[in-house]
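First comes the structure, then the notes that go with it.
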Amino acid sequence: METIEPPVVKTLTKKDFESDQLVRWCPGCGDYAILAAMTNALPQLNILRENFVFVSGIGCAARFPYYVNTYGFHTIHGRGPAFATGIKLANPQLSVWEIQGDGDALAIGGNHFIHALRRNIDINIILFNNEIYGLTKGQYSPTSPTGLVTKSTPYGTIERPFRAADLVIGAQGTFFARTIDTNPKLMTEIFVEAARHKGTSLVEVLQNCVIFNDDAHAAITARENRDDFQLHLKHGQPMLFGKDRKKGIRLNGLKLEVVTIGENGVTESDILVHDAHSEDPTLHLMLARMAPPHYPMALGVIRQVRAKTFDEAVAEEAERVKQVARYNSVDELLNSGETWEIK
Amino acid sequence: MEVEIPGKKKAEEVEKVVIRFAGDSGDGMQLTGSQFSFTSAILGNDLATFPDFPAEIRAPQGTLEGVSGFQVQIGKVDIYTAGDQADVLVAMNPAALKANLPYIRKGGNIIVDGDAFTDRNIEKAGFAANPLSDGTLAGYNVVEAPISSLTKTALEGLQLDNKSIMRSKNMFALGMMYWLYDRSLKETEKYIDSKFRKTPALAEGNKRALHAGYHYAETIEALPARYRVPPARIEPGVYRHISGNTATAWGLMAAAEKTGKKLFLGSYPITPASDILHELSRYKNLGVITLQAEDEIAAVCSAIGAGYAGQIGVTTSSGPGVALKSEAINLAVMAEVPVVIIDVQRGGPSTGLPTKTEQADMNLAVYGRNSESPLIVMAATTPSQCFEAAYMAVKLAIEHMTPVILLSDGYLANGSEPWKFPRVADLPEIRVQHPVKPQNGAFYPYLRDPETLVRPWAIPGTPGLEHRIGGLEKQDVTGNVSYDPKNHEKMVHLRAEKVARVASRLPEQQVIGTGHARMLVVGWGGTYGALFTAVSELQHNGADVDFAHFTYINPLPKNTATLLKRYDKVLVCELNMGQFASLLRSRTNHPNILSFTKVQGQPFLVAELKEAIMQHLNLK
């Protein structure tokens, strides 16, 4: 089932993936860091440059393909996953990456987003979540927290936000990771993991929009919060965090709770060990839903399970049909069934 | 003319005859009709068929809503339509009689299953009294045959339940028609044997019913005469039956095979286009990939993705779905990516008349996108011509790097006709060129062929050609994003000119007639059969009229304006409010382009066309 990666002729570097286009995001935008992490990750994948395709929809994030020196298709709002699906099925050899913002993926493109995950097509979706519409200049998005004052909600939003992870788990997604634009090393690591995962990989990048929603993720990213509000999950490792890694996550009944080792008789054996490969997504969902102020935010690969990908299923089906097919060419089909000759 | 044929009765020879089979949607009328058609085709008749079925899948039994009909015209002369009015109606119940009576010629034959005319069924059909006895059918020749009870008797002794027995009564009716029109039972027997291979009792039951009907017709006196429709003079060759949707699917597959590419269909179910998806989904062994997408938009986007990645991308839909696809189609216009969009038109606007036919999406196809958005629009003309049309749509999309909208319609989609099918080897070549890295110098994704203005189809996976495309305006040649005003204007003109130049590759528009009549009748798309029949019959009677039927809507064939100029009067006949007439007025400057239109969800009748054309000919 695993496909063999094509051999690499020469070692590619970050430079090989930088396009000649002037990058035009606002100074200080989190997107710059994501781009840098991506061009760091791509050479590590042992994939020929011409086999990469970056697809995007509309929004600030969607300009991303112009800045990566691979094949790129900047399409229409929200529909990136559908284009990516067609591209991957047309040529399964390609490494297809799809860049979306929170509005693109979860508002106008919500349908394509969940169905790509449901089918488990082998593409990598990078969701830039800044909880705001940037390109249209500052309206609330489907991930904006209730109460956020924006151009279109002068009295604060009255809507409840989506959590990307809820949709991924609900759509039976096989890979969900979360990272943050202030941590280039983690981003690069996760992009590599996403690429290596067979199936739809969904990477949520908590990204900062300096202009319209600055410090949206400050509860996690601010220097004073980093240690206490970021939980870096690794498969097989205990869920420890905090400055001296004394804090941990424990399962108490049907709830997660934050505990401190050495307090109230808590020892390291009480701390949950992360199992990203568990088929059952219950704990993955609970971890993904944790947020300040009562919990740290879970980062890293939260869920990664192997299931048949859509492109694999399409190829298998074609083989299966070949075994039983009655017609092997269009001419045979034309001559099939009831025909008659007029002399 | 009367001729002696074996059997008790005289046979009357007729040039052509129209037969309509009608019953509950579960009565098997489509099957009965197609069997009659197939047997007639083997006999050498020319024919055309059209099914008329309800939008509801299984409306309550015995109600008008549940009536399913199938009309076929057979002839010793060339047949181009399923016929205006039926000469014979086979009605399996009162509702079928009521729903179809308006389509029967006065004086025609009506054969009913007398057993089905119970008080309850009569009431369900909305008759005040029994139509067989209250004078409703005065002026028709009515044959009241106890089809249900005779079928039951014929099948006695077989181990079949009552439901299976009653399901065979369509074969009894078919047997009667076979006797009436002097057809052999052989082909249908073969069909029954193959269909019920695994259930011999059912095969035996159906064959018994077929024979019982045949012998019953022979015996009763109620049938006035036997009719004979001799073989037509048909071009020699191997033929098969084909419906428009099947022909469309196969034409796409032929194009894929010819180019050695995969055929990728992204589609969302919609009446009356879904059969193309169904058909293509059967041939995954022949390089077909079908994606039943989550919506119409994903369907077209995935197809564009496949075209971008170097395969043949196609999406199939009907009006409401095509409306949803507009933005994506425009991306393909802007990025110049090949994709074929097939619109099997139905009655609109909105949900409209899903199972009925109309030609009202032409404006949607030509104009229905934001800004200046030129693309190729073409229209299929007959059920079998859908094959060629679909093939050509792929050829043009690939060779000109553009979306192509192919307009079919509900009438073509479900109608069928005999077809002398081609060999794939004889189909026109499709030129496919994928560039590779130039030896020296850079690669430019929007550097155009100087003659056709077509840009290169550089596909992902090609070393050294990595480039970015998208929906933003791009700089001429390099394809880089550009907001330069002069460049934008240049690109708008280039895209328009690229599509306009396709005209030089299209065949010139042909005229049927003398070429110098006073009036030209113009049609396009699926109305070909009715228009051709109407004009030919008028020409035969000496009417001063020519006929031109268009397949290419945008761009128009390059001789269109000069052709129209030869006529004082141009009468455009179409199933909408005059969309093609408007287009021709704006493109040709002809001062006297008139319209004859019909928007009833029904195809043109030959009679109404002849009347309209005559009226226009007599007007000064």
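Residues are named by chain letter and number: chains run A, B, ... in the order of the structure tokens, numbers start at 1 in each chain, and ligands are numbered from 1 in the order shown.
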Residues of chain B within 8 Å of chain A, counting only C-alpha atoms - could you list those as a PDB file with C-alpha atoms, in the first residue's frame?
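Result file is out11.pdb:
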ATOM      1  CA  ILE B  42     -33.271  -4.868 -36.705  1.00  0.00           C
ATOM      2  CA  GLY B  44     -34.464  -2.087 -40.945  1.00  0.00           C
ATOM      3  CA  ILE B 234     -30.572   3.167 -44.561  1.00  0.00           C
ATOM      4  CA  GLU B 235     -26.887   3.552 -45.253  1.00  0.00           C
ATOM      5  CA  PRO B 236     -25.223   0.143 -44.977  1.00  0.00           C
ATOM      6  CA  GLY B 237     -23.149  -0.509 -41.901  1.00  0.00           C
ATOM      7  CA  VAL B 238     -23.255  -1.770 -38.350  1.00  0.00           C
ATOM      8  CA  TYR B 239     -25.737   0.013 -36.137  1.00  0.00           C
ATOM      9  CA  ARG B 240     -26.683   0.159 -32.505  1.00  0.00           C
ATOM     10  CA  HIS B 241     -29.169   2.065 -30.422  1.00  0.00           C
ATOM     11  CA  TRP B 250     -18.792   7.357 -24.777  1.00  0.00           C
ATOM     12  CA  MET B 253     -14.171   8.142 -23.308  1.00  0.00           C
ATOM     13  CA  ALA B 254     -13.220   7.996 -26.968  1.00  0.00           C
ATOM     14  CA  GLU B 257      -8.517   6.852 -25.384  1.00  0.00           C
ATOM     15  CA  LYS B 262      -7.331   9.553 -18.091  1.00  0.00           C
ATOM     16  CA  PHE B 264     -11.692  12.586 -14.904  1.00  0.00           C
ATOM     17  CA  TYR B 283     -15.632   1.965 -17.039  1.00  0.00           C
ATOM     18  CA  LYS B 284     -12.921   2.491 -14.442  1.00  0.00           C
ATOM     19  CA  ASN B 285     -10.902  -0.146 -16.293  1.00  0.00           C
ATOM     20  CA  LEU B 286     -10.697   2.179 -19.279  1.00  0.00           C
ATOM     21  CA  GLY B 287      -8.923   5.021 -17.488  1.00  0.00           C
ATOM     22  CA  ILE B 289     -12.080   8.303 -12.808  1.00  0.00           C
ATOM     23  CA  GLU B 294     -19.877  16.975  -2.388  1.00  0.00           C
ATOM     24  CA  ILE B 297     -18.807  23.534  -7.186  1.00  0.00           C
ATOM     25  CA  ALA B 298     -16.460  20.809  -5.999  1.00  0.00           C
ATOM     26  CA  ALA B 299     -17.410  18.833  -9.098  1.00  0.00           C
ATOM     27  CA  CYS B 301     -13.205  22.478  -9.324  1.00  0.00           C
ATOM     28  CA  SER B 302     -11.932  18.904  -9.182  1.00  0.00           C
ATOM     29  CA  ALA B 303     -12.337  18.666 -12.969  1.00  0.00           C
ATOM     30  CA  ILE B 304     -10.300  21.850 -13.423  1.00  0.00           C
ATOM     31  CA  GLY B 305      -7.703  20.424 -11.040  1.00  0.00           C
ATOM     32  CA  ALA B 306      -7.492  17.288 -13.179  1.00  0.00           C
ATOM     33  CA  GLY B 307      -7.142  19.383 -16.341  1.00  0.00           C
ATOM     34  CA  TYR B 308      -4.414  21.466 -14.708  1.00  0.00           C
ATOM     35  CA  ALA B 309      -2.603  18.249 -13.760  1.00  0.00           C
ATOM     36  CA  GLY B 310      -2.664  17.026 -17.356  1.00  0.00           C
ATOM     37  CA  GLN B 311      -5.682  14.748 -17.670  1.00  0.00           C
ATOM     38  CA  GLU B 327     -17.033  31.223 -10.599  1.00  0.00           C
ATOM     39  CA  ALA B 328     -14.902  28.143 -11.116  1.00  0.00           C
ATOM     40  CA  LEU B 331     -11.063  30.643 -13.112  1.00  0.00           C
ATOM     41  CA  PHE B 421     -21.149   4.156 -34.890  1.00  0.00           C
ATOM     42  CA  ARG B 423     -14.281   3.367 -35.061  1.00  0.00           C
ATOM     43  CA  VAL B 424     -12.053   5.262 -32.651  1.00  0.00           C
ATOM     44  CA  PRO B 460       3.059  19.438 -12.646  1.00  0.00           C
ATOM     45  CA  GLY B 461       5.724  16.773 -12.541  1.00  0.00           C
ATOM     46  CA  THR B 462       7.679  18.303 -15.440  1.00  0.00           C
ATOM     47  CA  PRO B 463      11.193  19.220 -14.250  1.00  0.00           C
ATOM     48  CA  GLY B 464      12.234  22.828 -14.709  1.00  0.00           C
ATOM     49  CA  LEU B 465       8.804  24.241 -15.557  1.00  0.00           C
ATOM     50  CA  GLU B 466       7.672  25.021 -12.017  1.00  0.00           C
ATOM     51  CA  HIS B 467       5.376  28.029 -12.230  1.00  0.00           C
ATOM     52  CA  ARG B 468       2.353  29.559 -10.565  1.00  0.00           C
ATOM     53  CA  ILE B 469      -1.025  30.316 -12.100  1.00  0.00           C
ATOM     54  CA  GLY B 470      -4.261  31.586 -10.666  1.00  0.00           C
ATOM     55  CA  GLY B 471      -7.301  33.799 -10.846  1.00  0.00           C
TER      56      GLY B 471
END
Backbone DSSP call of strand (DSSP E) for region 150-304 of chain B, listed as a VMD selection string: chain B and resid 226 to 228 237 to 243 263 to 267 288 to 292
Close residues, region 273-275 of chain A itself excluded, 10 Å, only C-alpha atoms, min 2 positions apart in chain, as a PyMOL selection string: chain A and resi 233-240+248-250+268-271+277-279+283-284+287+301-304
Could you dump the residues just selected with C-alpha atoms as a compact mmCIF listing (two decimals), in the first residue's frame?
# COMPACT_ATOMS: atom_id res chain seq x y z
CA LEU A 233 2.45 16.47 22.54
CA LYS A 234 4.64 13.70 21.27
CA HIS A 235 3.48 10.17 20.62
CA GLY A 236 4.56 7.88 23.45
CA GLN A 237 5.61 10.73 25.71
CA PRO A 238 3.92 11.83 28.95
CA MET A 239 1.87 15.01 28.67
CA LEU A 240 4.12 17.26 30.72
CA GLY A 248 0.86 17.37 33.50
CA ILE A 249 -2.50 16.19 32.17
CA ARG A 250 -4.38 13.50 34.03
CA GLU A 268 4.57 10.91 36.90
CA SER A 269 2.71 7.61 36.53
CA ASP A 270 -0.58 9.50 36.87
CA ILE A 271 0.20 11.56 33.79
CA HIS A 277 -2.22 6.45 16.81
CA SER A 278 -5.33 5.48 18.76
CA GLU A 279 -8.21 4.71 16.40
CA LEU A 283 -9.07 11.54 23.82
CA HIS A 284 -7.66 13.34 20.77
CA LEU A 287 -6.87 17.21 24.04
CA VAL A 301 0.61 15.88 16.29
CA ILE A 302 -2.59 15.19 18.18
CA ARG A 303 -3.97 12.47 15.92
CA GLN A 304 -2.31 10.31 13.30
Contact residues around Thr13 (chain A) with only C-alpha atoms at 10 Å, ignoring same-chain residues under 5 positions, as a PDB file with C-alpha atoms, in the first residue's frame:
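Saved as out.pdb:
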ATOM      1  CA  GLU A  18      12.100  30.187  -2.713  1.00  0.00           C
ATOM      2  CA  THR A  39      10.794  26.066   2.654  1.00  0.00           C
ATOM      3  CA  ASN A  40      12.843  24.455   5.454  1.00  0.00           C
ATOM      4  CA  ALA A  41      10.614  21.401   5.544  1.00  0.00           C
ATOM      5  CA  LEU A  42      10.314  20.711   1.812  1.00  0.00           C
ATOM      6  CA  PRO A  43      13.984  19.780   1.173  1.00  0.00           C
ATOM      7  CA  GLN A  44      13.731  17.194   3.957  1.00  0.00           C
TER       8      GLN A  44
END
Best match for closeness to Thr157 (chain A) among A:Glu204, A:Asp244, A:Glu257, A:Glu131, counting only C-alpha atoms: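 Between A:Glu204, A:Asp244, A:Glu257, A:Glu131, the residue approaching Thr157 (chain A) most closely is A:Glu131.
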Separation of CA of Phe387 (chain B) from CA of Gly244 (chain B), in Å and rounded to one decimal: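 CA of Phe387 (chain B) sits 7.7 Å away from CA of Gly244 (chain B).
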Neighbour list for region 541-555 of chain B as a PyMOL selection string, cut-off 8 Å, only C-alpha atoms, skip fewer than 4 positions in-chain: chain B and resi 366+375-381+499-500+502-503+509-525+528+532+535+537+617
Export of the given selection (N, CA and C atoms) as an mmCIF file, in the first residue's frame:
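out-v9.cif, freshly written:
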data_model
loop_
_atom_site.group_PDB
_atom_site.id
_atom_site.type_symbol
_atom_site.label_atom_id
_atom_site.label_comp_id
_atom_site.auth_asym_id
_atom_site.auth_seq_id
_atom_site.Cartn_x
_atom_site.Cartn_y
_atom_site.Cartn_z
ATOM 1 N N VAL B 366 -23.117 31.372 -22.597
ATOM 2 C CA VAL B 366 -22.329 32.377 -23.319
ATOM 3 C C VAL B 366 -21.944 33.543 -22.400
ATOM 4 N N LEU B 375 -15.491 31.934 -23.693
ATOM 5 C CA LEU B 375 -15.161 30.511 -23.776
ATOM 6 C C LEU B 375 -15.937 29.908 -24.946
ATOM 7 N N ILE B 376 -15.655 28.655 -25.237
ATOM 8 C CA ILE B 376 -16.307 27.987 -26.360
ATOM 9 C C ILE B 376 -17.642 27.417 -25.891
ATOM 10 N N VAL B 377 -18.687 27.678 -26.669
ATOM 11 C CA VAL B 377 -20.003 27.096 -26.389
ATOM 12 C C VAL B 377 -20.435 26.321 -27.628
ATOM 13 N N MET B 378 -20.833 25.096 -27.424
ATOM 14 C CA MET B 378 -21.349 24.303 -28.540
ATOM 15 C C MET B 378 -22.576 23.529 -28.090
ATOM 16 N N ALA B 379 -23.301 22.958 -29.053
ATOM 17 C CA ALA B 379 -24.560 22.289 -28.726
ATOM 18 C C ALA B 379 -24.711 21.021 -29.549
ATOM 19 N N ALA B 380 -25.092 19.952 -28.880
ATOM 20 C CA ALA B 380 -25.327 18.680 -29.567
ATOM 21 C C ALA B 380 -26.682 18.731 -30.266
ATOM 22 N N THR B 381 -26.810 17.974 -31.368
ATOM 23 C CA THR B 381 -28.007 18.117 -32.199
ATOM 24 C C THR B 381 -28.950 16.917 -32.198
ATOM 25 N N VAL B 499 -10.284 32.876 -28.161
ATOM 26 C CA VAL B 499 -11.513 32.112 -28.395
ATOM 27 C C VAL B 499 -12.090 32.446 -29.773
ATOM 28 N N ALA B 500 -12.019 33.722 -30.168
ATOM 29 C CA ALA B 500 -12.546 34.105 -31.489
ATOM 30 C C ALA B 500 -11.822 33.344 -32.596
ATOM 31 N N VAL B 502 -10.786 30.427 -32.626
ATOM 32 C CA VAL B 502 -11.206 29.028 -32.747
ATOM 33 C C VAL B 502 -12.065 28.861 -34.007
ATOM 34 N N ALA B 503 -12.763 29.940 -34.387
ATOM 35 C CA ALA B 503 -13.653 29.882 -35.557
ATOM 36 C C ALA B 503 -12.914 29.395 -36.803
ATOM 37 N N GLN B 509 -20.525 26.940 -41.615
ATOM 38 C CA GLN B 509 -21.936 26.614 -41.404
ATOM 39 C C GLN B 509 -22.564 26.191 -42.726
ATOM 40 N N GLN B 510 -23.209 25.045 -42.735
ATOM 41 C CA GLN B 510 -23.836 24.514 -43.937
ATOM 42 C C GLN B 510 -25.311 24.900 -43.984
ATOM 43 N N VAL B 511 -25.833 24.909 -45.217
ATOM 44 C CA VAL B 511 -27.246 25.200 -45.414
ATOM 45 C C VAL B 511 -27.897 24.012 -46.099
ATOM 46 N N ILE B 512 -29.086 23.658 -45.659
ATOM 47 C CA ILE B 512 -29.842 22.602 -46.325
ATOM 48 C C ILE B 512 -30.899 23.303 -47.169
ATOM 49 N N GLY B 513 -30.836 23.107 -48.485
ATOM 50 C CA GLY B 513 -31.769 23.794 -49.379
ATOM 51 C C GLY B 513 -31.047 24.304 -50.603
ATOM 52 N N THR B 514 -31.668 25.266 -51.267
ATOM 53 C CA THR B 514 -31.109 25.759 -52.523
ATOM 54 C C THR B 514 -29.945 26.713 -52.293
ATOM 55 N N GLY B 515 -29.890 27.309 -51.115
ATOM 56 C CA GLY B 515 -28.840 28.279 -50.839
ATOM 57 C C GLY B 515 -29.250 29.694 -51.219
ATOM 58 N N HIS B 516 -30.381 29.852 -51.868
ATOM 59 C CA HIS B 516 -30.819 31.209 -52.227
ATOM 60 C C HIS B 516 -32.333 31.380 -52.063
ATOM 61 N N ALA B 517 -32.875 30.742 -51.031
ATOM 62 C CA ALA B 517 -34.312 30.914 -50.770
ATOM 63 C C ALA B 517 -34.558 32.303 -50.181
ATOM 64 N N ARG B 518 -35.824 32.635 -50.042
ATOM 65 C CA ARG B 518 -36.170 33.948 -49.518
ATOM 66 C C ARG B 518 -35.960 33.999 -47.996
ATOM 67 N N MET B 519 -36.218 32.856 -47.372
ATOM 68 C CA MET B 519 -36.123 32.841 -45.915
ATOM 69 C C MET B 519 -35.221 31.696 -45.456
ATOM 70 N N LEU B 520 -34.499 31.963 -44.384
ATOM 71 C CA LEU B 520 -33.657 30.927 -43.779
ATOM 72 C C LEU B 520 -34.228 30.575 -42.407
ATOM 73 N N VAL B 521 -34.511 29.305 -42.221
ATOM 74 C CA VAL B 521 -34.889 28.834 -40.888
ATOM 75 C C VAL B 521 -33.606 28.434 -40.165
ATOM 76 N N VAL B 522 -33.454 28.954 -38.930
ATOM 77 C CA VAL B 522 -32.247 28.669 -38.150
ATOM 78 C C VAL B 522 -32.632 27.952 -36.869
ATOM 79 N N GLY B 523 -31.884 26.932 -36.548
ATOM 80 C CA GLY B 523 -32.048 26.259 -35.257
ATOM 81 C C GLY B 523 -30.680 25.964 -34.683
ATOM 82 N N TRP B 524 -30.673 25.458 -33.464
ATOM 83 C CA TRP B 524 -29.407 25.040 -32.846
ATOM 84 C C TRP B 524 -29.712 23.929 -31.845
ATOM 85 N N GLY B 525 -28.750 23.068 -31.632
ATOM 86 C CA GLY B 525 -28.884 22.055 -30.594
ATOM 87 C C GLY B 525 -29.956 21.021 -30.874
ATOM 88 N N TYR B 528 -32.874 19.791 -33.806
ATOM 89 C CA TYR B 528 -32.528 19.467 -35.190
ATOM 90 C C TYR B 528 -33.564 18.560 -35.864
ATOM 91 N N PHE B 532 -35.523 19.856 -39.024
ATOM 92 C CA PHE B 532 -35.136 19.264 -40.305
ATOM 93 C C PHE B 532 -36.360 18.636 -40.980
ATOM 94 N N VAL B 535 -38.789 21.523 -42.216
ATOM 95 C CA VAL B 535 -38.304 22.259 -43.388
ATOM 96 C C VAL B 535 -38.252 21.339 -44.615
ATOM 97 N N GLU B 537 -40.071 18.758 -45.332
ATOM 98 C CA GLU B 537 -41.418 18.515 -45.856
ATOM 99 C C GLU B 537 -41.932 19.734 -46.612
ATOM 100 N N LEU B 617 -43.497 32.740 -44.215
ATOM 101 C CA LEU B 617 -43.254 32.789 -45.661
ATOM 102 C C LEU B 617 -44.324 33.611 -46.370
#
Å distance separating CA of Arg228 (chain B) from CA of Gly213 (chain B), one decimal place: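 Between CA of Arg228 (chain B) and CA of Gly213 (chain B) the gap works out to 18.2 Å.
In this structure, CA of Lys395 (chain B) sits 5.5 Å away from CA of Ile430 (chain B).
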8 Å contact set for Phe172 (chain B), only C-alpha atoms, chain neighbours under 5 positions out, as a count of residues only: 8
